[in-house]
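Text of final08.pdb (PDB, C-alpha atoms) as supplied:
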ATOM      1  CA  MET W  28      19.105 -34.211   8.970
ATOM      2  CA  SER W  29      22.167 -35.251   7.034
ATOM      3  CA  HIS W  30      21.925 -38.586   5.314
ATOM      4  CA  ASP W  31      25.015 -40.698   5.644
ATOM      5  CA  HIS W  32      25.225 -43.105   2.730
ATOM      6  CA  THR W  33      28.087 -45.201   3.997
ATOM      7  CA  HIS W  34      25.616 -47.756   5.357
ATOM      8  CA  ASP W  35      24.157 -50.654   3.376
ATOM      9  CA  HIS W  36      21.087 -49.713   1.422
ATOM     10  CA  ASP W  37      18.959 -52.674   2.350
ATOM     11  CA  HIS W  38      16.042 -50.717   3.788
ATOM     12  CA  ASP W  39      13.449 -48.756   1.846
ATOM     13  CA  HIS W  40      12.702 -45.062   2.208
ATOM     14  CA  ASP W  41       8.911 -45.079   2.115
ATOM     15  CA  ASP W  42       8.287 -43.809   5.584
ATOM     16  CA  ALA W  43      11.077 -41.644   6.942
ATOM     17  CA  HIS W  44      11.417 -38.540   4.742
ATOM     18  CA  PRO W  45       9.104 -35.581   5.188
ATOM     19  CA  TYR W  46       7.764 -34.612   1.813
ATOM     20  CA  GLN W  47       7.586 -31.021   0.626
ATOM     21  CA  PRO W  48       5.313 -30.657  -2.387
ATOM     22  CA  ASP W  49       6.746 -29.051  -5.511
ATOM     23  CA  ILE W  50       4.940 -26.022  -6.948
ATOM     24  CA  GLU W  51       3.724 -28.308  -9.745
ATOM     25  CA  ASP W  52       1.984 -30.558  -7.202
ATOM     26  CA  PHE W  53      -0.640 -27.901  -6.527
ATOM     27  CA  PRO W  54      -3.577 -27.588  -8.916
ATOM     28  CA  PHE W  55      -2.711 -25.573 -12.012
ATOM     29  CA  SER W  56      -5.407 -22.902 -11.810
ATOM     30  CA  GLU W  57      -6.983 -21.006 -14.665
ATOM     31  CA  ARG W  58      -5.229 -17.831 -13.505
ATOM     32  CA  MET W  59      -1.859 -19.561 -13.562
ATOM     33  CA  VAL W  60      -2.587 -20.714 -17.111
ATOM     34  CA  MET W  61      -3.618 -17.166 -18.068
ATOM     35  CA  THR W  62      -0.484 -15.663 -16.496
ATOM     36  CA  GLN W  63       1.757 -18.047 -18.348
ATOM     37  CA  ALA W  64      -0.126 -17.535 -21.608
ATOM     38  CA  VAL W  65       0.138 -13.743 -21.338
ATOM     39  CA  ALA W  66       3.857 -13.967 -20.549
ATOM     40  CA  GLU W  67       4.417 -16.172 -23.602
ATOM     41  CA  LEU W  68       2.398 -13.845 -25.826
ATOM     42  CA  ILE W  69       4.339 -10.795 -24.632
ATOM     43  CA  ILE W  70       7.580 -12.510 -25.584
ATOM     44  CA  GLU W  71       6.262 -13.921 -28.896
ATOM     45  CA  LYS W  72       5.003 -10.512 -29.941
ATOM     46  CA  GLY W  73       8.361  -8.989 -29.096
ATOM     47  CA  ILE W  74       6.920  -6.524 -26.557
ATOM     48  CA  CYS W  75       9.766  -7.540 -24.290
ATOM     49  CA  SER W  76      12.253 -10.363 -24.215
ATOM     50  CA  ALA W  77      12.291 -13.303 -21.830
ATOM     51  CA  ASP W  78      15.372 -11.783 -20.220
ATOM     52  CA  GLU W  79      13.660  -8.421 -19.717
ATOM     53  CA  LEU W  80      10.693 -10.172 -18.119
ATOM     54  CA  ARG W  81      13.028 -12.147 -15.853
ATOM     55  CA  ALA W  82      14.962  -8.994 -14.961
ATOM     56  CA  GLN W  83      11.761  -7.222 -13.954
ATOM     57  CA  ILE W  84      10.818 -10.077 -11.631
ATOM     58  CA  GLU W  85      14.341 -10.004 -10.222
ATOM     59  CA  LEU W  86      14.036  -6.247  -9.660
ATOM     60  CA  MET W  87      10.740  -6.626  -7.812
ATOM     61  CA  ASP W  88      12.124  -9.436  -5.675
ATOM     62  CA  SER W  89      15.136  -7.279  -4.760
ATOM     63  CA  ARG W  90      12.912  -4.704  -3.104
ATOM     64  CA  GLU W  91      12.645  -5.007   0.664
ATOM     65  CA  PRO W  92      11.667  -2.937   3.718
ATOM     66  CA  GLY W  93      15.276  -1.867   4.307
ATOM     67  CA  LEU W  94      14.939   0.614   1.442
ATOM     68  CA  GLY W  95      11.924   2.309   2.990
ATOM     69  CA  ALA W  96      13.600   2.201   6.404
ATOM     70  CA  LYS W  97      16.622   4.043   5.007
ATOM     71  CA  LEU W  98      14.365   6.758   3.622
ATOM     72  CA  VAL W  99      12.340   7.091   6.835
ATOM     73  CA  ALA W 100      15.481   7.189   9.014
ATOM     74  CA  LYS W 101      16.784  10.101   6.981
ATOM     75  CA  THR W 102      13.509  11.994   7.495
ATOM     76  CA  TRP W 103      14.021  11.553  11.256
ATOM     77  CA  VAL W 104      17.392  13.288  11.265
ATOM     78  CA  ASP W 105      16.895  15.826   8.473
ATOM     79  CA  PRO W 106      13.714  17.988   8.578
ATOM     80  CA  ASP W 107      14.456  19.452   5.146
ATOM     81  CA  TYR W 108      14.663  15.945   3.712
ATOM     82  CA  LYS W 109      11.370  15.045   5.392
ATOM     83  CA  ALA W 110       9.754  18.056   3.735
ATOM     84  CA  ARG W 111      11.050  16.855   0.366
ATOM     85  CA  VAL W 112       9.742  13.319   1.009
ATOM     86  CA  LEU W 113       6.303  14.676   1.855
ATOM     87  CA  GLU W 114       6.402  16.757  -1.317
ATOM     88  CA  ASP W 115       7.792  14.201  -3.775
ATOM     89  CA  VAL W 116       8.798  10.679  -2.707
ATOM     90  CA  ALA W 117      10.261   9.770  -6.108
ATOM     91  CA  ALA W 118      12.697  12.692  -6.139
ATOM     92  CA  ALA W 119      13.619  12.291  -2.475
ATOM     93  CA  ALA W 120      14.208   8.549  -2.886
ATOM     94  CA  ALA W 121      16.412   9.224  -5.929
ATOM     95  CA  GLU W 122      18.587  11.465  -3.737
ATOM     96  CA  ILE W 123      19.584   8.418  -1.708
ATOM     97  CA  GLY W 124      19.940   6.149  -4.730
ATOM     98  CA  ILE W 125      16.519   4.489  -4.718
ATOM     99  CA  ASP W 126      14.588   4.354  -8.002
ATOM    100  CA  ILE W 127      10.887   3.922  -7.229
ATOM    101  CA  GLY W 128       9.839   3.546 -10.862
ATOM    102  CA  GLU W 129       6.812   5.144 -12.444
ATOM    103  CA  ILE W 130       4.003   4.446  -9.979
ATOM    104  CA  PRO W 131       3.643   7.479  -7.694
ATOM    105  CA  ILE W 132       4.111   6.942  -3.975
ATOM    106  CA  LYS W 133       2.876   9.399  -1.377
ATOM    107  CA  ALA W 134       4.323   9.630   2.123
ATOM    108  CA  ILE W 135       2.027  10.293   5.065
ATOM    109  CA  GLU W 136       3.397  11.283   8.423
ATOM    110  CA  ASN W 137       2.374  10.016  11.833
ATOM    111  CA  THR W 138       2.287  12.803  14.410
ATOM    112  CA  ASP W 139       1.209  13.240  18.030
ATOM    113  CA  ASP W 140      -2.305  13.907  16.717
ATOM    114  CA  VAL W 141      -2.693  11.508  13.773
ATOM    115  CA  HIS W 142      -1.982   7.815  13.240
ATOM    116  CA  ASN W 143      -2.111   6.692   9.600
ATOM    117  CA  VAL W 144      -2.794   3.187   8.344
ATOM    118  CA  VAL W 145      -2.863   2.004   4.727
ATOM    119  CA  VAL W 146      -5.153  -0.482   3.036
ATOM    120  CA  CYS W 147      -6.250  -1.257  -0.497
ATOM    121  CA  THR W 148      -9.852  -2.401  -0.273
ATOM    122  CA  LEU W 149      -9.969  -3.370  -3.937
ATOM    123  CA  CYS W 150      -6.840  -5.516  -4.233
ATOM    124  CA  SER W 151      -3.294  -5.240  -2.925
ATOM    125  CA  CYS W 152      -1.853  -1.864  -3.973
ATOM    126  CA  TYR W 153       1.308  -1.387  -1.931
ATOM    127  CA  PRO W 154       4.517   0.676  -2.200
ATOM    128  CA  ARG W 155       6.444  -2.330  -3.507
ATOM    129  CA  MET W 156       9.372  -0.402  -4.900
ATOM    130  CA  LEU W 157      10.149   0.901  -1.397
ATOM    131  CA  ILE W 158       9.245  -1.996   0.895
ATOM    132  CA  GLY W 159       8.925  -5.104  -1.288
ATOM    133  CA  LEU W 160       5.999  -7.426  -1.854
ATOM    134  CA  PRO W 161       3.005  -7.177   0.493
ATOM    135  CA  PRO W 162       2.505  -9.786   3.209
ATOM    136  CA  ASP W 163      -0.390 -12.213   2.778
ATOM    137  CA  TRP W 164      -2.441 -10.551   5.503
ATOM    138  CA  TYR W 165      -2.372  -7.256   3.597
ATOM    139  CA  LYS W 166      -4.070  -8.998   0.672
ATOM    140  CA  SER W 167      -6.590 -10.895   2.806
ATOM    141  CA  ARG W 168     -10.258 -10.053   2.556
ATOM    142  CA  ALA W 169     -10.402  -9.660   6.338
ATOM    143  CA  TYR W 170      -7.725  -6.939   6.433
ATOM    144  CA  ARG W 171      -9.109  -5.176   3.360
ATOM    145  CA  SER W 172     -12.695  -5.069   4.574
ATOM    146  CA  ARG W 173     -12.151  -4.543   8.289
ATOM    147  CA  THR W 174      -9.414  -1.892   8.229
ATOM    148  CA  VAL W 175     -11.713   0.678   6.656
ATOM    149  CA  LYS W 176     -14.614  -0.096   8.956
ATOM    150  CA  GLU W 177     -13.080  -0.892  12.341
ATOM    151  CA  PRO W 178      -9.453   0.260  12.101
ATOM    152  CA  ARG W 179      -8.915   0.545  15.837
ATOM    153  CA  LYS W 180      -9.972  -3.060  16.393
ATOM    154  CA  VAL W 181      -7.663  -4.239  13.609
ATOM    155  CA  LEU W 182      -4.786  -2.206  15.054
ATOM    156  CA  GLU W 183      -5.413  -3.726  18.499
ATOM    157  CA  GLU W 184      -5.067  -7.168  16.917
ATOM    158  CA  PHE W 185      -1.627  -6.091  15.678
ATOM    159  CA  GLY W 186      -0.844  -5.056  19.264
ATOM    160  CA  THR W 187      -1.234  -1.364  18.534
ATOM    161  CA  HIS W 188      -3.357   0.775  20.822
ATOM    162  CA  ILE W 189      -4.132   4.280  19.618
ATOM    163  CA  ALA W 190      -5.377   6.700  22.273
ATOM    164  CA  ASP W 191      -8.840   8.187  21.749
ATOM    165  CA  ASP W 192      -7.437  11.724  21.436
ATOM    166  CA  VAL W 193      -5.359  10.657  18.415
ATOM    167  CA  GLU W 194      -7.147  10.601  15.045
ATOM    168  CA  VAL W 195      -6.911   7.302  13.202
ATOM    169  CA  ARG W 196      -6.700   8.136   9.500
ATOM    170  CA  VAL W 197      -7.180   5.244   7.103
ATOM    171  CA  HIS W 198      -5.894   5.610   3.532
ATOM    172  CA  ASP W 199      -7.614   3.466   0.935
ATOM    173  CA  SER W 200      -5.305   3.291  -2.086
ATOM    174  CA  THR W 201      -7.890   2.462  -4.683
ATOM    175  CA  ALA W 202      -6.383   4.316  -7.626
ATOM    176  CA  ASP W 203      -3.001   5.444  -8.965
ATOM    177  CA  LEU W 204      -1.186   6.345  -5.738
ATOM    178  CA  ARG W 205       0.633   4.086  -3.311
ATOM    179  CA  TYR W 206       1.184   5.086   0.314
ATOM    180  CA  ILE W 207       4.044   4.760   2.747
ATOM    181  CA  VAL W 208       3.625   5.783   6.369
ATOM    182  CA  LEU W 209       6.425   7.740   8.032
ATOM    183  CA  PRO W 210       6.234   6.396  11.587
ATOM    184  CA  ALA W 211       7.077   8.757  14.429
ATOM    185  CA  ARG W 212      10.620   8.713  15.775
ATOM    186  CA  PRO W 213      10.619   6.841  19.090
ATOM    187  CA  LYS W 214      11.698   8.524  22.286
ATOM    188  CA  GLY W 215      15.111   7.653  23.642
ATOM    189  CA  THR W 216      16.837   7.736  20.262
ATOM    190  CA  GLU W 217      18.455  11.145  20.552
ATOM    191  CA  GLY W 218      21.875  11.189  18.941
ATOM    192  CA  TRP W 219      21.379   7.921  17.023
ATOM    193  CA  ASP W 220      22.735   7.812  13.481
ATOM    194  CA  GLU W 221      20.603   6.896  10.459
ATOM    195  CA  ALA W 222      21.819   3.301  10.223
ATOM    196  CA  LYS W 223      20.948   2.597  13.852
ATOM    197  CA  LEU W 224      17.595   4.373  13.552
ATOM    198  CA  ALA W 225      16.750   2.325  10.453
ATOM    199  CA  GLU W 226      16.821  -0.836  12.613
ATOM    200  CA  LEU W 227      13.719   0.492  14.383
ATOM    201  CA  ILE W 228      11.735   0.968  11.171
ATOM    202  CA  THR W 229       9.844  -2.170  10.216
ATOM    203  CA  ARG W 230       7.699  -3.073   7.241
ATOM    204  CA  ASP W 231       4.583  -3.042   9.410
ATOM    205  CA  SER W 232       5.363   0.425  10.769
ATOM    206  CA  MET W 233       5.509   1.725   7.191
ATOM    207  CA  VAL W 234       2.071   0.205   6.487
ATOM    208  CA  GLY W 235       0.884   1.804   9.718
ATOM    209  CA  VAL W 236      -0.280  -1.241  11.631
ATOM    210  CA  THR W 237       2.397  -0.675  14.290
ATOM    211  CA  PRO W 238       4.589   2.187  15.467
ATOM    212  CA  ALA W 239       8.339   1.970  14.909
ATOM    213  CA  LYS W 240      10.194  -0.225  17.381
ATOM    214  CA  SER W 241      11.442   1.280  20.621
ATOM    215  CA  PRO W 242      15.121   1.284  21.614
ATOM    216  CA  GLU W 243      14.355  -1.407  24.189
ATOM    217  CA  ASP W 244      12.987  -3.690  21.422
ATOM    218  CA  ILE W 245      16.402  -4.129  19.786
TER     219      ILE W 245
ATOM    220  CA  MET U  16      -0.981  19.924  -8.162
ATOM    221  CA  SER U  17      -4.420  21.165  -9.095
ATOM    222  CA  ALA U  18      -5.504  20.037 -12.516
ATOM    223  CA  GLY U  19      -9.238  19.849 -11.990
ATOM    224  CA  ARG U  20     -12.377  21.638 -10.926
ATOM    225  CA  TYR U  21     -12.106  20.933  -7.193
ATOM    226  CA  HIS U  22      -9.643  22.441  -4.742
ATOM    227  CA  PRO U  23      -8.416  21.651  -1.232
ATOM    228  CA  GLY U  24     -11.176  22.333   1.284
ATOM    229  CA  ASP U  25     -14.022  21.910  -1.215
ATOM    230  CA  ARG U  26     -16.974  19.857   0.012
ATOM    231  CA  VAL U  27     -17.848  17.099  -2.435
ATOM    232  CA  ARG U  28     -20.240  14.197  -2.580
ATOM    233  CA  VAL U  29     -19.489  10.839  -4.173
ATOM    234  CA  ARG U  30     -22.015   9.954  -6.836
ATOM    235  CA  GLU U  31     -24.461   7.309  -5.731
ATOM    236  CA  ALA U  32     -24.160   5.334  -8.915
ATOM    237  CA  PHE U  33     -23.774   1.638  -9.536
ATOM    238  CA  PRO U  34     -22.565   1.133 -13.088
ATOM    239  CA  PRO U  35     -21.474  -2.307 -14.233
ATOM    240  CA  GLY U  36     -17.858  -3.047 -15.056
ATOM    241  CA  HIS U  37     -14.506  -2.117 -13.568
ATOM    242  CA  VAL U  38     -14.915   0.736 -11.070
ATOM    243  CA  ARG U  39     -12.371   2.031  -8.556
ATOM    244  CA  THR U  40     -14.763   3.979  -6.332
ATOM    245  CA  PRO U  41     -15.416   1.822  -3.258
ATOM    246  CA  TYR U  42     -19.055   0.839  -2.844
ATOM    247  CA  PHE U  43     -19.118   1.879   0.816
ATOM    248  CA  VAL U  44     -18.369   5.532   0.099
ATOM    249  CA  ARG U  45     -20.899   6.151  -2.661
ATOM    250  CA  GLY U  46     -23.355   8.841  -1.623
ATOM    251  CA  CYS U  47     -21.059  10.108   1.156
ATOM    252  CA  ALA U  48     -19.910  13.724   1.493
ATOM    253  CA  GLY U  49     -16.322  14.614   2.251
ATOM    254  CA  GLU U  50     -13.629  17.225   1.873
ATOM    255  CA  VAL U  51     -11.012  17.477  -0.857
ATOM    256  CA  GLN U  52      -7.504  17.224   0.617
ATOM    257  CA  GLU U  53      -5.631  17.694  -2.616
ATOM    258  CA  CYS U  54      -5.608  16.925  -6.299
ATOM    259  CA  ALA U  55      -3.045  14.178  -6.863
ATOM    260  CA  GLY U  56      -2.672  14.737 -10.601
ATOM    261  CA  ALA U  57      -4.570  13.358 -13.560
ATOM    262  CA  TYR U  58      -4.486   9.772 -14.768
ATOM    263  CA  PRO U  59      -5.979   7.639 -17.543
ATOM    264  CA  ASN U  60      -9.486   6.493 -16.680
ATOM    265  CA  PRO U  61      -9.153   2.986 -15.166
ATOM    266  CA  GLU U  62     -12.736   2.208 -16.156
ATOM    267  CA  GLU U  63     -11.557   2.417 -19.766
ATOM    268  CA  LEU U  64      -8.059   0.973 -19.306
ATOM    269  CA  ALA U  65      -9.633  -2.175 -17.882
ATOM    270  CA  TYR U  66     -11.118  -2.936 -21.295
ATOM    271  CA  GLY U  67      -8.016  -2.297 -23.361
ATOM    272  CA  ARG U  68      -8.841   1.293 -24.313
ATOM    273  CA  ASP U  69      -6.428   4.190 -23.796
ATOM    274  CA  GLY U  70      -8.278   5.872 -20.928
ATOM    275  CA  LYS U  71      -7.849   9.323 -22.483
ATOM    276  CA  PRO U  72      -8.408  12.076 -21.614
ATOM    277  CA  ASP U  73      -6.736  11.823 -18.216
ATOM    278  CA  ILE U  74      -9.046  12.403 -15.268
ATOM    279  CA  PRO U  75      -8.075  14.435 -12.181
ATOM    280  CA  LEU U  76      -7.710  12.285  -9.078
ATOM    281  CA  TYR U  77      -8.486  13.666  -5.637
ATOM    282  CA  ARG U  78      -7.660  12.572  -2.135
ATOM    283  CA  VAL U  79     -10.974  13.005  -0.371
ATOM    284  CA  SER U  80     -11.351  12.819   3.409
ATOM    285  CA  PHE U  81     -14.514  11.483   5.052
ATOM    286  CA  LEU U  82     -15.502  11.314   8.700
ATOM    287  CA  GLN U  83     -15.740   7.652   9.619
ATOM    288  CA  SER U  84     -18.892   8.372  11.629
ATOM    289  CA  GLU U  85     -20.539   9.570   8.406
ATOM    290  CA  VAL U  86     -19.387   6.603   6.332
ATOM    291  CA  TRP U  87     -20.336   3.828   8.761
ATOM    292  CA  HIS U  88     -23.481   3.801  10.866
ATOM    293  CA  GLY U  89     -22.460   3.009  14.439
ATOM    294  CA  TYR U  90     -18.739   3.564  13.813
ATOM    295  CA  ASP U  91     -16.998   2.389  16.966
ATOM    296  CA  GLY U  92     -14.367   5.071  17.510
ATOM    297  CA  PRO U  93     -13.801   8.763  18.212
ATOM    298  CA  GLY U  94     -15.658  11.264  16.060
ATOM    299  CA  ALA U  95     -12.431  12.696  14.656
ATOM    300  CA  ASP U  96     -11.392   9.459  12.905
ATOM    301  CA  THR U  97     -11.267   9.763   9.128
ATOM    302  CA  ILE U  98     -10.767   7.768   5.977
ATOM    303  CA  VAL U  99      -9.031   9.248   2.955
ATOM    304  CA  ILE U 100      -9.936   7.721  -0.407
ATOM    305  CA  ASP U 101      -8.570   8.401  -3.887
ATOM    306  CA  ILE U 102     -11.496   9.295  -6.132
ATOM    307  CA  TYR U 103     -11.576  10.342  -9.795
ATOM    308  CA  GLU U 104     -13.298  13.602 -10.679
ATOM    309  CA  HIS U 105     -16.206  12.096 -12.622
ATOM    310  CA  TRP U 106     -17.308  10.365  -9.403
ATOM    311  CA  LEU U 107     -17.609  13.643  -7.492
ATOM    312  CA  GLU U 108     -20.196  16.401  -7.420
ATOM    313  CA  PRO U 109     -20.266  19.609  -5.362
ATOM    314  CA  ALA U 110     -21.782  19.302  -1.885
ATOM    315  CA  GLN U 111     -23.047  21.921   0.547
TER     316      GLN U 111
END

Please express the file's structure as structure tokens.
Amino acid sequence: MSHDHTHDHDHDHDDAHPYQPDIEDFPFSERMVMTQAVAELIIEKGICSADELRAQIELMDSREPGLGAKLVAKTWVDPDYKARVLEDVAAAAAEIGIDIGEIPIKAIENTDDVHNVVVCTLCSCYPRMLIGLPPDWYKSRAYRSRTVKEPRKVLEEFGTHIADDVEVRVHDSTADLRYIVLPARPKGTEGWDEAKLAELITRDSMVGVTPAKSPEDI
Amino acid sequence: MSAGRYHPGDRVRVREAFPPGHVRTPYFVRGCAGEVQECAGAYPNPEELAYGRDGKPDIPLYRVSFLQSEVWHGYDGPGADTIVIDIYEHWLEPAQ
């Protein structure tokens, strides 16, 4: 609501304004203290500068699902490109101008026979350089513990039903690799160009908790 | 890539060990038998990296596939469902 200050200021403002807490209004936890202390030490020791640290955060925040969608859309129209993605995501992403950094990412393909879904039971490993920061649910204990044990039930809760004759393959990224799912190309998209196809490819479809959107969804 | 002693198709069993400290092998898969899908390269040992050491020599990392019905008693899903877990070589031993 705009606040017009042409009126006389004879009333007080104690009651009317909704109040959004600042970050500093939440308890300053031990981990926050540790994070800040480590950041200060890194700068003091000259391991990297404050600007380099800031630039890295800026780089991470610039990553978003549109990058992964661009890569997946190209695999849908170019089988040779898909083969290169399945072989080496870093090199294939570089072809279309995406630098995924040093952490290896592996692409796994959904087919008529296999539906893939990704989880990190230990923490929150996620292909950040291709699809951005993970959503909160991906990091939740419920998702991490249940997806390995009852994946079909978890998928149903995301609105995704996988037929019994399709294998559900869970990937637990507990080590050095990160995973991105290549969702299957939806029917009814024949002749679509990459940009239009990319609109069907969501973050969740690249984690594997949903298929790509259908043409009627957009 | 195939840097280590196991190869795609090999049957392996995850060591049923419970050492203290930082370990990447999920608890629920220890003691289970599965099949090597591929070797995904070799990486510094995270159990050493976690304590500020260099993690050398690098350890081969495998993508190992397990039948869900063999990992979870009473798994509620088709018998063909699988889980693929990244496991370092020192956590694996040959299985029948």

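Going from atom CA of Leu209 of chain W to atom CA of Glu136 of chain W covers 4.7 Å.
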
- Ground truth for the ChimeraX specification (/U :<7) & /W, written as a ChimeraX atom specification: /W:176-177,191,194-202

- Query: Got a sec: who's within 12 Å of Leu227 of chain W, counting all atoms listed in the file, leaving out chain neighbours fewer than 2 positions off, as a ChimeraX atom specification?
  - Reply: /W:92-93,95-97,99-100,103,210-216,219-225,229-233,237-245

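When atom CA of Lys101 of chain W is paired with atom CA of Thr138 of chain W, their separation reads 16.5 Å.
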
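Nearest to Leu107 of chain U of all the residues U:Lys71, U:Arg30, U:His37, U:Arg20 is U:Arg30, based on all atoms listed in the file.
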
- Query: Which one of W:Asp88, W:Asp203, W:Glu57, W:Asp78 sits closest to Pro131 of chain W if you count all atoms listed in the file?
  - Reply: W:Asp203

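Of the listed residues (U:Glu53, U:Glu62, U:Asp69, U:Glu85), U:Glu62 comes nearest to Trp106 of chain U; the distances count only C-alpha atoms.
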
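Atom CA of Asp73 of chain U to atom CA of Glu129 of chain W spans 16.2 Å [interatomic distance, one decimal].
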
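Proximity of U:Gly24, U:Gly89, U:Pro72, U:Gly36 to Ala110 of chain U, computed with all atoms listed in the file, is greatest for U:Gly24.
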
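Nearest to Gly124 of chain W of all the residues W:Arg58, W:Leu94, W:Gln47, W:Glu226 is W:Leu94, counting only C-alpha atoms.
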
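For the set U:Leu64, U:Cys54, U:Cys47, U:Glu108, the residue with the smallest atom-to-atom gap to Leu204 of chain W is U:Cys54, counting only C-alpha atoms.
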
For segment 160-176 of chain W, take all atoms listed in the file, fit an axis-aligned box around them, add 8 Å to each of the six sides, then output centre and edge lengths in Å rounded to one decimal, as JSON.
{"center_x": -4.3, "center_y": -5.8, "center_z": 3.6, "size_x": 36.6, "size_y": 28.9, "size_z": 26.8}

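Under the PyMOL selection byres ((chain W and resi 122) around 12), the matching residues in the shown file are Lys97, Leu98, Lys101, Tyr108, Arg111, Val112, Asp115, Val116, Ala117, Ala118, Ala119, Ala120, Ala121, Ile123, Gly124, Ile125, Asp126 and Ile127 of chain W.
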